[in-house]
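Enquirer: File start10.cif follows (mmCIF, C-alpha atoms):
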data_final
#
loop_
_atom_site.group_PDB
_atom_site.id
_atom_site.type_symbol
_atom_site.label_atom_id
_atom_site.label_comp_id
_atom_site.auth_asym_id
_atom_site.auth_seq_id
_atom_site.Cartn_x
_atom_site.Cartn_y
_atom_site.Cartn_z
ATOM 1 C CA MET A 1 45.546 14.897 -10.120
ATOM 2 C CA GLY A 2 46.524 18.256 -8.682
ATOM 3 C CA LEU A 3 43.546 20.131 -10.194
ATOM 4 C CA PRO A 4 42.734 23.629 -8.953
ATOM 5 C CA ALA A 5 39.960 23.980 -6.371
ATOM 6 C CA THR A 6 37.859 25.998 -8.814
ATOM 7 C CA ILE A 7 37.365 22.972 -11.114
ATOM 8 C CA THR A 8 34.361 20.819 -10.240
ATOM 9 C CA GLY A 9 32.883 17.740 -11.885
ATOM 10 C CA SER A 10 29.300 16.669 -12.535
ATOM 11 C CA PHE A 11 27.372 14.097 -14.512
ATOM 12 C CA ALA A 12 26.327 14.865 -18.071
ATOM 13 C CA GLY A 13 24.352 13.233 -20.833
ATOM 14 C CA THR A 14 22.712 9.903 -20.021
ATOM 15 C CA ALA A 15 24.199 9.778 -16.509
ATOM 16 C CA ARG A 16 22.723 13.195 -15.696
ATOM 17 C CA ALA A 17 19.307 12.192 -17.050
ATOM 18 C CA TYR A 18 19.436 9.040 -14.922
ATOM 19 C CA GLN A 19 20.337 11.053 -11.808
ATOM 20 C CA GLU A 20 17.464 13.462 -12.415
ATOM 21 C CA ALA A 21 15.083 10.518 -12.861
ATOM 22 C CA LEU A 22 16.113 9.111 -9.472
ATOM 23 C CA ASP A 23 15.671 12.521 -7.843
ATOM 24 C CA ASN A 24 12.028 12.604 -8.975
ATOM 25 C CA GLN A 25 11.171 9.126 -7.670
ATOM 26 C CA PRO A 26 9.739 10.295 -4.285
ATOM 27 C CA ILE A 27 7.410 12.685 -6.107
ATOM 28 C CA LEU A 28 6.367 9.904 -8.489
ATOM 29 C CA ILE A 29 5.598 7.491 -5.636
ATOM 30 C CA GLY A 30 3.696 10.165 -3.702
ATOM 31 C CA THR A 31 1.634 11.022 -6.786
ATOM 32 C CA ALA A 32 0.854 7.334 -7.340
ATOM 33 C CA LEU A 33 -0.316 6.966 -3.725
ATOM 34 C CA LEU A 34 -2.499 10.066 -4.052
ATOM 35 C CA ALA A 35 -4.064 8.696 -7.233
ATOM 36 C CA VAL A 36 -4.729 5.355 -5.524
ATOM 37 C CA TYR A 37 -6.345 7.115 -2.556
ATOM 38 C CA ILE A 38 -8.619 9.200 -4.790
ATOM 39 C CA VAL A 39 -9.726 6.196 -6.849
ATOM 40 C CA LEU A 40 -10.398 4.077 -3.755
ATOM 41 C CA GLY A 41 -12.240 6.951 -2.088
ATOM 42 C CA MET A 42 -14.538 7.235 -5.107
ATOM 43 C CA LEU A 43 -15.005 3.460 -5.205
ATOM 44 C CA TYR A 44 -15.980 3.045 -1.543
ATOM 45 C CA GLU A 45 -17.448 6.555 -1.112
ATOM 46 C CA SER A 46 -15.379 6.963 2.039
ATOM 47 C CA LEU A 47 -12.353 8.894 3.232
ATOM 48 C CA ILE A 48 -11.436 6.324 5.902
ATOM 49 C CA HIS A 49 -11.383 2.901 4.268
ATOM 50 C CA PRO A 50 -8.858 3.842 1.527
ATOM 51 C CA LEU A 51 -6.400 4.482 4.357
ATOM 52 C CA THR A 52 -6.854 0.883 5.473
ATOM 53 C CA ILE A 53 -5.853 -0.320 2.016
ATOM 54 C CA ILE A 54 -2.909 2.072 1.701
ATOM 55 C CA SER A 55 -1.653 0.985 5.134
ATOM 56 C CA THR A 56 -0.486 -2.281 3.552
ATOM 57 C CA LEU A 57 2.055 -0.514 1.346
ATOM 58 C CA PRO A 58 4.745 0.457 3.920
ATOM 59 C CA SER A 59 5.351 -3.183 4.812
ATOM 60 C CA ALA A 60 5.806 -4.018 1.127
ATOM 61 C CA GLY A 61 8.306 -1.206 0.629
ATOM 62 C CA LEU A 62 10.177 -2.241 3.760
ATOM 63 C CA GLY A 63 10.318 -5.853 2.604
ATOM 64 C CA ALA A 64 11.633 -4.823 -0.801
ATOM 65 C CA LEU A 65 14.382 -2.644 0.694
ATOM 66 C CA VAL A 66 15.428 -5.299 3.230
ATOM 67 C CA ALA A 67 15.604 -7.954 0.505
ATOM 68 C CA MET A 68 17.716 -5.708 -1.705
ATOM 69 C CA VAL A 69 20.100 -5.018 1.176
ATOM 70 C CA LEU A 70 20.403 -8.708 2.076
ATOM 71 C CA PHE A 71 21.138 -9.744 -1.507
ATOM 72 C CA ARG A 72 23.335 -6.673 -2.142
ATOM 73 C CA SER A 73 21.205 -5.474 -5.002
ATOM 74 C CA PRO A 74 21.436 -1.786 -5.971
ATOM 75 C CA LEU A 75 18.388 0.438 -5.679
ATOM 76 C CA ASP A 76 18.482 1.519 -9.295
ATOM 77 C CA LEU A 77 15.722 2.513 -11.680
ATOM 78 C CA ILE A 78 14.682 -1.133 -12.195
ATOM 79 C CA GLY A 79 14.425 -1.632 -8.429
ATOM 80 C CA MET A 80 12.242 1.478 -8.135
ATOM 81 C CA ILE A 81 9.980 0.074 -10.847
ATOM 82 C CA GLY A 82 9.631 -3.079 -8.739
ATOM 83 C CA ILE A 83 8.614 -1.020 -5.691
ATOM 84 C CA ILE A 84 6.021 0.851 -7.764
ATOM 85 C CA LEU A 85 4.663 -2.476 -9.027
ATOM 86 C CA LEU A 86 4.225 -3.547 -5.412
ATOM 87 C CA ILE A 87 1.636 -0.784 -4.960
ATOM 88 C CA GLY A 88 -0.714 -2.651 -7.271
ATOM 89 C CA LEU A 89 0.252 -6.155 -6.174
ATOM 90 C CA VAL A 90 -0.002 -5.635 -2.418
ATOM 91 C CA LYS A 91 -3.083 -3.477 -2.051
ATOM 92 C CA LYS A 92 -5.254 -6.177 -3.640
ATOM 93 C CA ASN A 93 -4.966 -8.157 -0.365
ATOM 94 C CA ALA A 94 -6.658 -5.408 1.598
ATOM 95 C CA ILE A 95 -9.124 -4.701 -1.217
ATOM 96 C CA MET A 96 -10.348 -8.309 -1.125
ATOM 97 C CA MET A 97 -10.960 -8.140 2.615
ATOM 98 C CA ILE A 98 -12.340 -4.597 2.831
ATOM 99 C CA ASP A 99 -14.690 -5.038 -0.126
ATOM 100 C CA PHE A 100 -16.140 -8.234 1.343
ATOM 101 C CA ALA A 101 -16.429 -6.734 4.850
ATOM 102 C CA LEU A 102 -18.261 -3.628 3.634
ATOM 103 C CA ALA A 103 -20.651 -5.747 1.575
ATOM 104 C CA ALA A 104 -21.343 -7.946 4.615
ATOM 105 C CA GLU A 105 -22.059 -4.890 6.774
ATOM 106 C CA ARG A 106 -24.456 -3.365 4.266
ATOM 107 C CA ASN A 107 -26.234 -6.461 2.966
ATOM 108 C CA GLU A 108 -26.181 -8.827 5.953
ATOM 109 C CA GLY A 109 -26.206 -6.280 8.770
ATOM 110 C CA LEU A 110 -23.086 -7.675 10.450
ATOM 111 C CA SER A 111 -21.023 -5.694 12.902
ATOM 112 C CA PRO A 112 -17.617 -4.459 11.687
ATOM 113 C CA ARG A 113 -15.832 -7.056 13.821
ATOM 114 C CA ASP A 114 -17.918 -9.973 12.517
ATOM 115 C CA ALA A 115 -17.730 -8.683 8.950
ATOM 116 C CA ILE A 116 -13.933 -8.384 8.846
ATOM 117 C CA HIS A 117 -13.578 -11.758 10.619
ATOM 118 C CA GLN A 118 -15.723 -13.442 7.986
ATOM 119 C CA ALA A 119 -13.807 -11.625 5.254
ATOM 120 C CA CYS A 120 -10.488 -12.938 6.597
ATOM 121 C CA LEU A 121 -11.771 -16.500 6.624
ATOM 122 C CA LEU A 122 -13.333 -16.478 3.168
ATOM 123 C CA ARG A 123 -10.687 -14.378 1.386
ATOM 124 C CA PHE A 124 -7.628 -16.121 2.792
ATOM 125 C CA ARG A 125 -7.336 -18.668 -0.035
ATOM 126 C CA PRO A 126 -7.716 -16.162 -2.922
ATOM 127 C CA ILE A 127 -5.191 -13.853 -1.264
ATOM 128 C CA MET A 128 -2.650 -16.647 -0.871
ATOM 129 C CA MET A 129 -3.216 -17.888 -4.424
ATOM 130 C CA THR A 130 -2.675 -14.502 -6.064
ATOM 131 C CA THR A 131 0.340 -13.671 -3.873
ATOM 132 C CA LEU A 132 2.049 -16.993 -4.550
ATOM 133 C CA CYS A 133 1.426 -16.660 -8.286
ATOM 134 C CA ALA A 134 2.991 -13.178 -8.342
ATOM 135 C CA ALA A 135 5.952 -14.241 -6.176
ATOM 136 C CA LEU A 136 6.658 -17.400 -8.185
ATOM 137 C CA GLY A 137 6.415 -15.401 -11.401
ATOM 138 C CA ALA A 138 9.072 -12.964 -10.158
ATOM 139 C CA LEU A 139 11.302 -15.666 -8.644
ATOM 140 C CA PRO A 140 13.231 -16.454 -11.886
ATOM 141 C CA MET A 141 14.137 -12.768 -12.191
ATOM 142 C CA ALA A 142 15.258 -12.672 -8.541
ATOM 143 C CA LEU A 143 17.460 -15.750 -8.996
ATOM 144 C CA GLY A 144 19.152 -14.175 -12.000
ATOM 145 C CA TRP A 145 19.055 -16.797 -14.743
ATOM 146 C CA GLY A 146 19.728 -16.169 -18.411
ATOM 147 C CA ALA A 147 21.313 -13.407 -20.444
ATOM 148 C CA GLY A 148 20.927 -9.907 -19.060
ATOM 149 C CA ALA A 149 19.797 -11.270 -15.693
ATOM 150 C CA GLU A 150 21.756 -8.625 -13.790
ATOM 151 C CA LEU A 151 19.389 -6.000 -15.189
ATOM 152 C CA ARG A 152 16.206 -7.831 -14.168
ATOM 153 C CA ARG A 153 17.482 -9.110 -10.818
ATOM 154 C CA PRO A 154 16.638 -5.981 -8.738
ATOM 155 C CA LEU A 155 13.081 -6.079 -10.090
ATOM 156 C CA GLY A 156 12.578 -9.683 -9.020
ATOM 157 C CA ILE A 157 14.197 -9.192 -5.611
ATOM 158 C CA ALA A 158 12.019 -6.148 -4.883
ATOM 159 C CA ILE A 159 8.810 -7.957 -5.844
ATOM 160 C CA VAL A 160 9.556 -11.203 -4.006
ATOM 161 C CA GLY A 161 10.829 -9.473 -0.854
ATOM 162 C CA GLY A 162 7.955 -7.015 -0.740
ATOM 163 C CA LEU A 163 5.326 -9.706 -1.259
ATOM 164 C CA ALA A 164 6.840 -11.989 1.387
ATOM 165 C CA VAL A 165 6.958 -9.368 4.140
ATOM 166 C CA SER A 166 3.632 -7.745 3.311
ATOM 167 C CA GLN A 167 1.882 -11.118 3.158
ATOM 168 C CA MET A 168 3.057 -12.029 6.650
ATOM 169 C CA LEU A 169 2.073 -8.667 8.135
ATOM 170 C CA THR A 170 -1.051 -7.496 6.327
ATOM 171 C CA LEU A 171 -3.075 -10.613 7.115
ATOM 172 C CA PHE A 172 -2.854 -9.552 10.767
ATOM 173 C CA THR A 173 -2.636 -5.761 10.578
ATOM 174 C CA THR A 174 -5.379 -5.058 8.019
ATOM 175 C CA PRO A 175 -8.295 -6.305 10.217
ATOM 176 C CA VAL A 176 -6.931 -4.349 13.196
ATOM 177 C CA ILE A 177 -6.559 -1.133 11.208
ATOM 178 C CA TYR A 178 -10.001 -1.660 9.700
ATOM 179 C CA LEU A 179 -11.615 -1.856 13.157
ATOM 180 C CA TYR A 180 -9.710 1.117 14.554
ATOM 181 C CA LEU A 181 -10.485 3.327 11.557
ATOM 182 C CA ASP A 182 -14.129 2.254 11.687
ATOM 183 C CA ARG A 183 -14.254 3.362 15.329
ATOM 184 C CA LEU A 184 -12.638 6.642 14.314
ATOM 185 C CA ARG A 185 -15.272 7.092 11.616
ATOM 186 C CA GLN A 186 -18.057 6.498 14.146
ATOM 187 C CA MET A 187 -16.488 8.962 16.598
ATOM 188 C CA LEU A 188 -16.205 11.627 13.923
ATOM 189 C CA SER A 189 -19.780 10.973 12.839
ATOM 190 C CA MET A 190 -21.040 11.312 16.417
ATOM 191 C CA ARG A 191 -19.036 14.492 16.929
ATOM 192 C CA HIS A 192 -20.373 15.936 13.705
ATOM 193 C CA SER A 193 -23.934 15.106 14.780
ATOM 194 C CA SER A 194 -23.417 16.701 18.203
ATOM 195 C CA MET A 195 -22.054 19.862 16.616
ATOM 196 C CA ARG A 196 -25.179 20.167 14.463
ATOM 197 C CA TRP A 197 -27.443 19.886 17.570
ATOM 198 C CA ARG A 198 -28.211 23.190 19.251
ATOM 199 C CA PRO A 199 -29.607 23.472 22.797
ATOM 200 C CA GLY A 200 -33.064 24.950 23.072
ATOM 201 C CA PHE A 201 -34.601 23.184 20.122
ATOM 202 C CA LEU A 202 -35.678 20.168 22.152
ATOM 203 C CA VAL A 203 -37.710 20.131 25.356
ATOM 204 C CA PRO A 204 -38.638 17.246 27.723
ATOM 205 C CA GLY A 205 -41.313 14.983 26.326
ATOM 206 C CA GLY A 206 -39.811 14.794 22.857
ATOM 207 C CA GLN A 207 -41.646 17.941 21.632
ATOM 208 C CA SER A 208 -39.720 20.650 19.818
#
Rewrite the coordinates I just gave you, this time as structure tokens.
Expert:
Amino acid sequence: MGLPATITGSFAGTARAYQEALDNQPILIGTALLAVYIVLGMLYESLIHPLTIISTLPSAGLGALVAMVLFRSPLDLIGMIGIILLIGLVKKNAIMMIDFALAAERNEGLSPRDAIHQACLLRFRPIMMTTLCAALGALPMALGWGAGAELRRPLGIAIVGGLAVSQMLTLFTTPVIYLYLDRLRQMLSMRHSSMRWRPGFLVPGGQS
């Protein structure tokens, strides 16, 4: 157009508000993850096991992004809402297993390995049922049927893609992460106990 170099353009009005909303999405997701970690830490009275549950979320986000790229769906505000919804939909898989494993350790005296193995066997069917129900419920939106389907399509694609990838991965990764973090917890507990022990307070024979 031959405009001078001093003239610049920028979004205004609704477009500017939409751009600012997208700029704040990483902060919103980080705040949601922090809130989930705090709530789970209070629920299980642990700083370690909430990490096992949150570890299922990256695979869901990756699945949602890959699905949106494959189906050429834009990562708009509706797609970001779908990714945020995955936080609640996906972490229930790990919650079912971790909650059962911790109860088996405390009430039945099982080892962490036996407890998480039993949890995987007994919680497999409920996990598959809830995941399939959520995925089938979002499938009509992902396929894009009806009036205004182009607005709902990114939401359905994000949910279905995230659930599919996370379901395939978390059934295998969650028990492994649970065992490794449990070993880390035991190592930290032993180190903390050794730091509290001071030489000179105990003598041979068990007498202080």
Enquirer: Pick out the residues sitting within 9 Å of segment 41-50 of chain A, and hand them over as number ranges by chain; count only C-alpha atoms, and ignore anything fewer than 4 positions along from it in its own chain.
Expert: A: 36-37, 54-55, 95, 98-99, 102, 178, 181-182, 184-185
Enquirer: Around (2.6, -11.0, 6.2), as given in the file, which residues come within 12 Å? Count all atoms listed in the file and list them as a list in words.
Expert: Thr56, Leu57, Pro58, Ser59, Ala60, Leu62, Gly63, Val90, Asn93, Ala94, Phe124, Ile127, Met128, Thr131, Gly161, Gly162, Leu163, Ala164, Val165, Ser166, Gln167, Met168, Leu169, Thr170, Leu171, Phe172, Thr173 and Thr174 of chain A
Enquirer: Emit as JSON the padded axis-aligned box for all listed atoms of segment 50-58 of chain A, 8 Å per side, with centre and edge lengths in Å to one decimal.
Expert:
{"center_x": -2.1, "center_y": 1.1, "center_z": 3.4, "size_x": 29.6, "size_y": 22.8, "size_z": 20.1}
Enquirer: On this structure, which residues satisfy the PyMOL selection byres ((chain A and resi 79) around 9), written as an NGL selection string?
Expert: :A and (64 or 68 or 73-78 or 80-84 or 152-159)
Enquirer: Applied to this file, what does the PyMOL selection byres ((chain A and resi 101) around 12) return in terms of residues, put as a PyMOL selection string?
Expert: chain A and resi 44+49+94-100+102-123+174-175+178-179+182
Enquirer: As an exercise, work out the distance from atom CA of Leu151 of chain A to atom CA of Ala135 of chain A in Å and give it to one decimal place.
Expert: 18.2 Å
Enquirer: Mind giving me the straight-line distance from atom CA of Ala32 of chain A to atom CA of Leu86 of chain A in Å, one decimal?
Expert: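 Straight-line distance from atom CA of Ala32 of chain A to atom CA of Leu86 of chain A works out to 11.6 Å.
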Enquirer: Take atom CA of Leu143 of chain A and atom CA of Leu70 of chain A and report the distance between them in Å, one decimal.
Expert: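 Spanning atom CA of Leu143 of chain A to atom CA of Leu70 of chain A is a straight-line distance of 13.4 Å.
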Enquirer: Counting all atoms listed in the file, figure out which residue out of A:Ala142, A:Leu51, A:Leu89, A:Leu33 gets nearest to Arg72 of chain A.
Expert: A:Ala142
